Each structure stands twice: as structure tokens, then as C-alpha cells.
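With PDB, C-alpha atoms, pLDDT in the B column inside, this is structure12.pdb:
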ATOM      1  CA  MET A 186     120.368 138.158 115.665  1.00 66.00           C
ATOM      2  CA  LYS A 187     118.810 139.312 112.374  1.00 85.00           C
ATOM      3  CA  LYS A 188     115.253 138.129 111.809  1.00 92.00           C
ATOM      4  CA  LEU A 189     114.451 136.273 108.593  1.00 95.00           C
ATOM      5  CA  ARG A 190     111.976 138.234 106.505  1.00 97.00           C
ATOM      6  CA  ILE A 191     109.076 136.102 105.221  1.00 98.00           C
ATOM      7  CA  LEU A 192     106.510 136.758 102.473  1.00 98.00           C
ATOM      8  CA  LEU A 193     103.401 134.540 102.557  1.00 98.00           C
ATOM      9  CA  ALA A 194     101.763 133.703  99.213  1.00 97.00           C
ATOM     10  CA  ASP A 195      98.489 131.760  99.250  1.00 96.00           C
ATOM     11  CA  ASP A 196      95.109 132.551  97.738  1.00 95.00           C
ATOM     12  CA  HIS A 197      93.265 131.388 100.864  1.00 95.00           C
ATOM     13  CA  THR A 198      92.988 134.059 103.552  1.00 94.00           C
ATOM     14  CA  VAL A 199      92.547 131.508 106.341  1.00 95.00           C
ATOM     15  CA  MET A 200      95.720 129.689 105.289  1.00 92.00           C
ATOM     16  CA  ARG A 201      97.736 132.925 105.261  1.00 95.00           C
ATOM     17  CA  SER A 202      96.315 133.910 108.647  1.00 95.00           C
ATOM     18  CA  GLY A 203      97.198 130.530 110.147  1.00 94.00           C
ATOM     19  CA  LEU A 204     100.726 130.664 108.740  1.00 94.00           C
ATOM     20  CA  ARG A 205     101.180 134.206 110.028  1.00 96.00           C
ATOM     21  CA  ALA A 206     100.017 133.177 113.510  1.00 95.00           C
ATOM     22  CA  LEU A 207     102.463 130.272 113.490  1.00 94.00           C
ATOM     23  CA  LEU A 208     105.407 132.285 112.187  1.00 95.00           C
ATOM     24  CA  ASP A 209     104.769 135.332 114.380  1.00 93.00           C
ATOM     25  CA  ARG A 210     105.456 133.126 117.423  1.00 94.00           C
ATOM     26  CA  GLN A 211     109.002 132.502 116.208  1.00 93.00           C
ATOM     27  CA  PRO A 212     111.489 135.050 117.575  1.00 93.00           C
ATOM     28  CA  ASN A 213     113.807 134.720 114.561  1.00 93.00           C
ATOM     29  CA  LEU A 214     111.112 135.270 111.897  1.00 95.00           C
ATOM     30  CA  GLU A 215     109.229 138.346 110.701  1.00 96.00           C
ATOM     31  CA  VAL A 216     106.315 138.174 108.269  1.00 97.00           C
ATOM     32  CA  VAL A 217     106.801 141.268 106.089  1.00 97.00           C
ATOM     33  CA  GLY A 218     103.887 140.752 103.734  1.00 97.00           C
ATOM     34  CA  GLU A 219     101.129 138.586 102.320  1.00 97.00           C
ATOM     35  CA  SER A 220      99.949 137.962  98.789  1.00 97.00           C
ATOM     36  CA  GLU A 221      96.835 136.352  97.324  1.00 96.00           C
ATOM     37  CA  ASN A 222      98.006 135.784  93.740  1.00 97.00           C
ATOM     38  CA  GLY A 223     101.162 134.981  91.833  1.00 97.00           C
ATOM     39  CA  ARG A 224     101.589 138.314  90.055  1.00 97.00           C
ATOM     40  CA  HIS A 225     101.308 140.250  93.311  1.00 97.00           C
ATOM     41  CA  THR A 226     103.793 137.852  94.902  1.00 98.00           C
ATOM     42  CA  VAL A 227     106.378 138.635  92.209  1.00 98.00           C
ATOM     43  CA  GLU A 228     105.801 142.370  92.711  1.00 98.00           C
ATOM     44  CA  ALA A 229     105.883 142.088  96.519  1.00 98.00           C
ATOM     45  CA  SER A 230     109.123 140.108  96.336  1.00 98.00           C
ATOM     46  CA  ALA A 231     110.725 142.965  94.406  1.00 97.00           C
ATOM     47  CA  SER A 232     109.507 145.666  96.772  1.00 97.00           C
ATOM     48  CA  LEU A 233     109.732 143.897 100.158  1.00 97.00           C
ATOM     49  CA  LYS A 234     112.953 141.926  99.522  1.00 97.00           C
ATOM     50  CA  PRO A 235     112.059 138.979 101.785  1.00 98.00           C
ATOM     51  CA  ASP A 236     114.626 136.320 102.627  1.00 97.00           C
ATOM     52  CA  VAL A 237     112.055 133.560 102.099  1.00 97.00           C
ATOM     53  CA  VAL A 238     108.764 133.320 100.188  1.00 98.00           C
ATOM     54  CA  ILE A 239     106.372 130.609 101.334  1.00 97.00           C
ATOM     55  CA  MET A 240     104.460 129.900  98.124  1.00 97.00           C
ATOM     56  CA  ASP A 241     101.309 127.972  97.267  1.00 96.00           C
ATOM     57  CA  ILE A 242     101.133 126.413  93.788  1.00 95.00           C
ATOM     58  CA  GLY A 243      97.447 126.889  92.961  1.00 92.00           C
ATOM     59  CA  MET A 244      96.999 130.660  92.872  1.00 93.00           C
ATOM     60  CA  PRO A 245      95.072 132.948  90.521  1.00 94.00           C
ATOM     61  CA  ILE A 246      96.527 135.270  87.858  1.00 95.00           C
ATOM     62  CA  LEU A 247      99.936 133.530  87.939  1.00 95.00           C
ATOM     63  CA  ASN A 248     100.442 130.088  89.462  1.00 97.00           C
ATOM     64  CA  GLY A 249     103.038 129.488  92.159  1.00 97.00           C
ATOM     65  CA  ILE A 250     105.454 127.617  89.896  1.00 97.00           C
ATOM     66  CA  GLU A 251     105.580 130.432  87.336  1.00 97.00           C
ATOM     67  CA  ALA A 252     105.794 133.034  90.125  1.00 98.00           C
ATOM     68  CA  THR A 253     108.683 131.075  91.647  1.00 98.00           C
ATOM     69  CA  LYS A 254     110.505 131.048  88.327  1.00 98.00           C
ATOM     70  CA  GLN A 255     110.141 134.814  87.963  1.00 98.00           C
ATOM     71  CA  ILE A 256     111.182 135.572  91.551  1.00 98.00           C
ATOM     72  CA  VAL A 257     114.269 133.349  91.391  1.00 97.00           C
ATOM     73  CA  ASN A 258     115.304 134.779  88.002  1.00 97.00           C
ATOM     74  CA  GLN A 259     114.900 138.376  89.189  1.00 97.00           C
ATOM     75  CA  HIS A 260     116.122 137.927  92.784  1.00 97.00           C
ATOM     76  CA  PRO A 261     118.324 134.836  93.157  1.00 96.00           C
ATOM     77  CA  ALA A 262     118.974 135.548  96.843  1.00 95.00           C
ATOM     78  CA  ILE A 263     115.296 135.029  97.720  1.00 97.00           C
ATOM     79  CA  ALA A 264     114.590 131.442  98.745  1.00 97.00           C
ATOM     80  CA  VAL A 265     111.205 129.993  97.791  1.00 98.00           C
ATOM     81  CA  VAL A 266     109.587 127.251  99.859  1.00 97.00           C
ATOM     82  CA  ILE A 267     106.591 125.662  98.164  1.00 96.00           C
ATOM     83  CA  LEU A 268     103.804 124.729 100.583  1.00 95.00           C
ATOM     84  CA  SER A 269     101.200 122.817  98.628  1.00 93.00           C
ATOM     85  CA  MET A 270      98.445 120.240  98.850  1.00 91.00           C
ATOM     86  CA  TYR A 271      99.757 118.528  95.689  1.00 90.00           C
ATOM     87  CA  SER A 272     101.817 115.436  96.484  1.00 90.00           C
ATOM     88  CA  ASP A 273     102.221 114.374  92.852  1.00 91.00           C
ATOM     89  CA  GLU A 274     105.905 114.004  91.916  1.00 93.00           C
ATOM     90  CA  ALA A 275     105.341 116.031  88.730  1.00 94.00           C
ATOM     91  CA  TYR A 276     104.465 119.113  90.813  1.00 94.00           C
ATOM     92  CA  VAL A 277     107.516 118.626  93.003  1.00 94.00           C
ATOM     93  CA  MET A 278     109.824 118.353  89.987  1.00 96.00           C
ATOM     94  CA  ARG A 279     108.260 121.384  88.258  1.00 96.00           C
ATOM     95  CA  ALA A 280     108.617 123.469  91.429  1.00 96.00           C
ATOM     96  CA  LEU A 281     112.246 122.489  91.974  1.00 96.00           C
ATOM     97  CA  THR A 282     113.053 123.059  88.309  1.00 97.00           C
ATOM     98  CA  ALA A 283     111.494 126.524  88.610  1.00 97.00           C
ATOM     99  CA  GLY A 284     113.946 127.298  91.414  1.00 97.00           C
ATOM    100  CA  ALA A 285     112.135 126.425  94.633  1.00 97.00           C
ATOM    101  CA  ARG A 286     114.574 125.331  97.321  1.00 96.00           C
ATOM    102  CA  ALA A 287     112.078 123.223  99.274  1.00 96.00           C
ATOM    103  CA  TYR A 288     108.708 121.555  98.751  1.00 96.00           C
ATOM    104  CA  LEU A 289     106.406 120.709 101.651  1.00 95.00           C
ATOM    105  CA  LEU A 290     102.872 119.436 101.815  1.00 94.00           C
ATOM    106  CA  LYS A 291     100.292 121.518 103.647  1.00 91.00           C
ATOM    107  CA  ASP A 292      99.695 118.649 106.042  1.00 90.00           C
ATOM    108  CA  SER A 293     103.349 118.754 107.183  1.00 87.00           C
ATOM    109  CA  ALA A 294     104.142 119.376 110.826  1.00 87.00           C
ATOM    110  CA  ALA A 295     104.888 122.953 111.855  1.00 89.00           C
ATOM    111  CA  ARG A 296     108.422 121.927 112.862  1.00 91.00           C
ATOM    112  CA  ASP A 297     109.021 120.683 109.305  1.00 93.00           C
ATOM    113  CA  LEU A 298     108.121 124.108 107.945  1.00 93.00           C
ATOM    114  CA  MET A 299     110.410 125.805 110.468  1.00 92.00           C
ATOM    115  CA  SER A 300     113.238 123.429 109.553  1.00 93.00           C
ATOM    116  CA  ALA A 301     112.719 124.111 105.851  1.00 94.00           C
ATOM    117  CA  ILE A 302     112.759 127.887 106.368  1.00 94.00           C
ATOM    118  CA  GLU A 303     115.965 127.638 108.380  1.00 91.00           C
ATOM    119  CA  ALA A 304     117.611 125.286 105.866  1.00 93.00           C
ATOM    120  CA  VAL A 305     116.828 127.371 102.771  1.00 93.00           C
ATOM    121  CA  SER A 306     117.883 130.583 104.478  1.00 88.00           C
ATOM    122  CA  GLN A 307     121.289 129.015 105.114  1.00 87.00           C
ATOM    123  CA  GLY A 308     121.651 127.872 101.520  1.00 82.00           C
TER     124      GLY A 308
END

Render the structure in this file as C-alpha cells.
Amino acid sequence: MKKLRILLADDHTVMRSGLRALLDRQPNLEVVGESENGRHTVEASASLKPDVVIMDIGMPILNGIEATKQIVNQHPAIAVVILSMYSDEAYVMRALTAGARAYLLKDSAARDLMSAIEAVSQG
């Protein structure tokens, strides 16, 4: 079975490390890269060609919503899952309008993140 290729985008090193540790335990997932800002995430998406980008909203240089918009416009096959601390409906709507396929809060259960990754990878 082909592993899903994941790019992690969050400006907090500890958050990326925790996500990587969680995802590395999944036999069907492979973390292919990490990014600490939105511009680098757009560039890494082009070079690494992940199946899924797990994206934070509040990142330096280019925020996660704008980075999502650019990734989806340039690479429509890449699915973006927003993982954010913002529960405000305005953020959710902006992220989905930008092309994100899922929006989860950072306090979600790990199984919810796994379900979202699986769902967006299947369309």
C-alpha cells in the first residue's frame, strides 16, 4: 500500500515535533518535510509534492490561509488540512474558501486528525 506523503507547516517547533511523532507511528503515513512559515510551505509543496499539507493559520511571512490559497491554485491535487487554535467561524470560512479540505482545532483528538487525513486523501 502506498504511503500518504505529509508536509507539516507550523511555526512552533514543538508542535511540528509532536505531530511528526504522532504521524510517524502510522504505517500508512510518511512525513516528507516540515516548514516554519507560509512562504516556505508553498515552496516545499512544489518541491516535495506531498499528498497532504497539515497547515497552521498563524505563521510568519505568509499566513496559512494565503499559503493554502497558493498551494491549491498551483497544485490542486494537494489536500490541505488546517490545524489551528482559532475556533472562530470566520477563520473556518476563510480557510475553506481558500481551498482547505478540512479544518480541525489543535485540541482535537489524534484520531480526528487521522480521520481527516484519510478523508481528504480520498477526496

* Closest to Asp209 of chain A among A:Met244, A:Val266, A:Ala275, A:Met299, using only C-alpha atoms? -> A:Met299

* Skipping near chain neighbours, those fewer than 3 positions away, what residues fall within 6 Å of Ser269 of chain A using only C-alpha atoms, listed as JSON, numbers by chain? -> {"A": [241, 290, 291]}

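Applied to the file shown here, the PyMOL selection byres ((chain A and resi 246) around 9) selects the residues Asn222, Gly223, Arg224, His225, Met244, Pro245, Leu247 and Asn248 of chain A.
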
* What residues come out when you apply the PyMOL selection byres ((chain A and resi 256) around 10) to this file, written as a ChimeraX atom specification? -> /A:226-231,238,250-255,257-265,283-285

* In Å, with one decimal, what is the gap from atom CA of Asp273 of chain A to atom CA of Arg201 of chain A? ->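 Between these atoms lies a distance of 22.8 Å.
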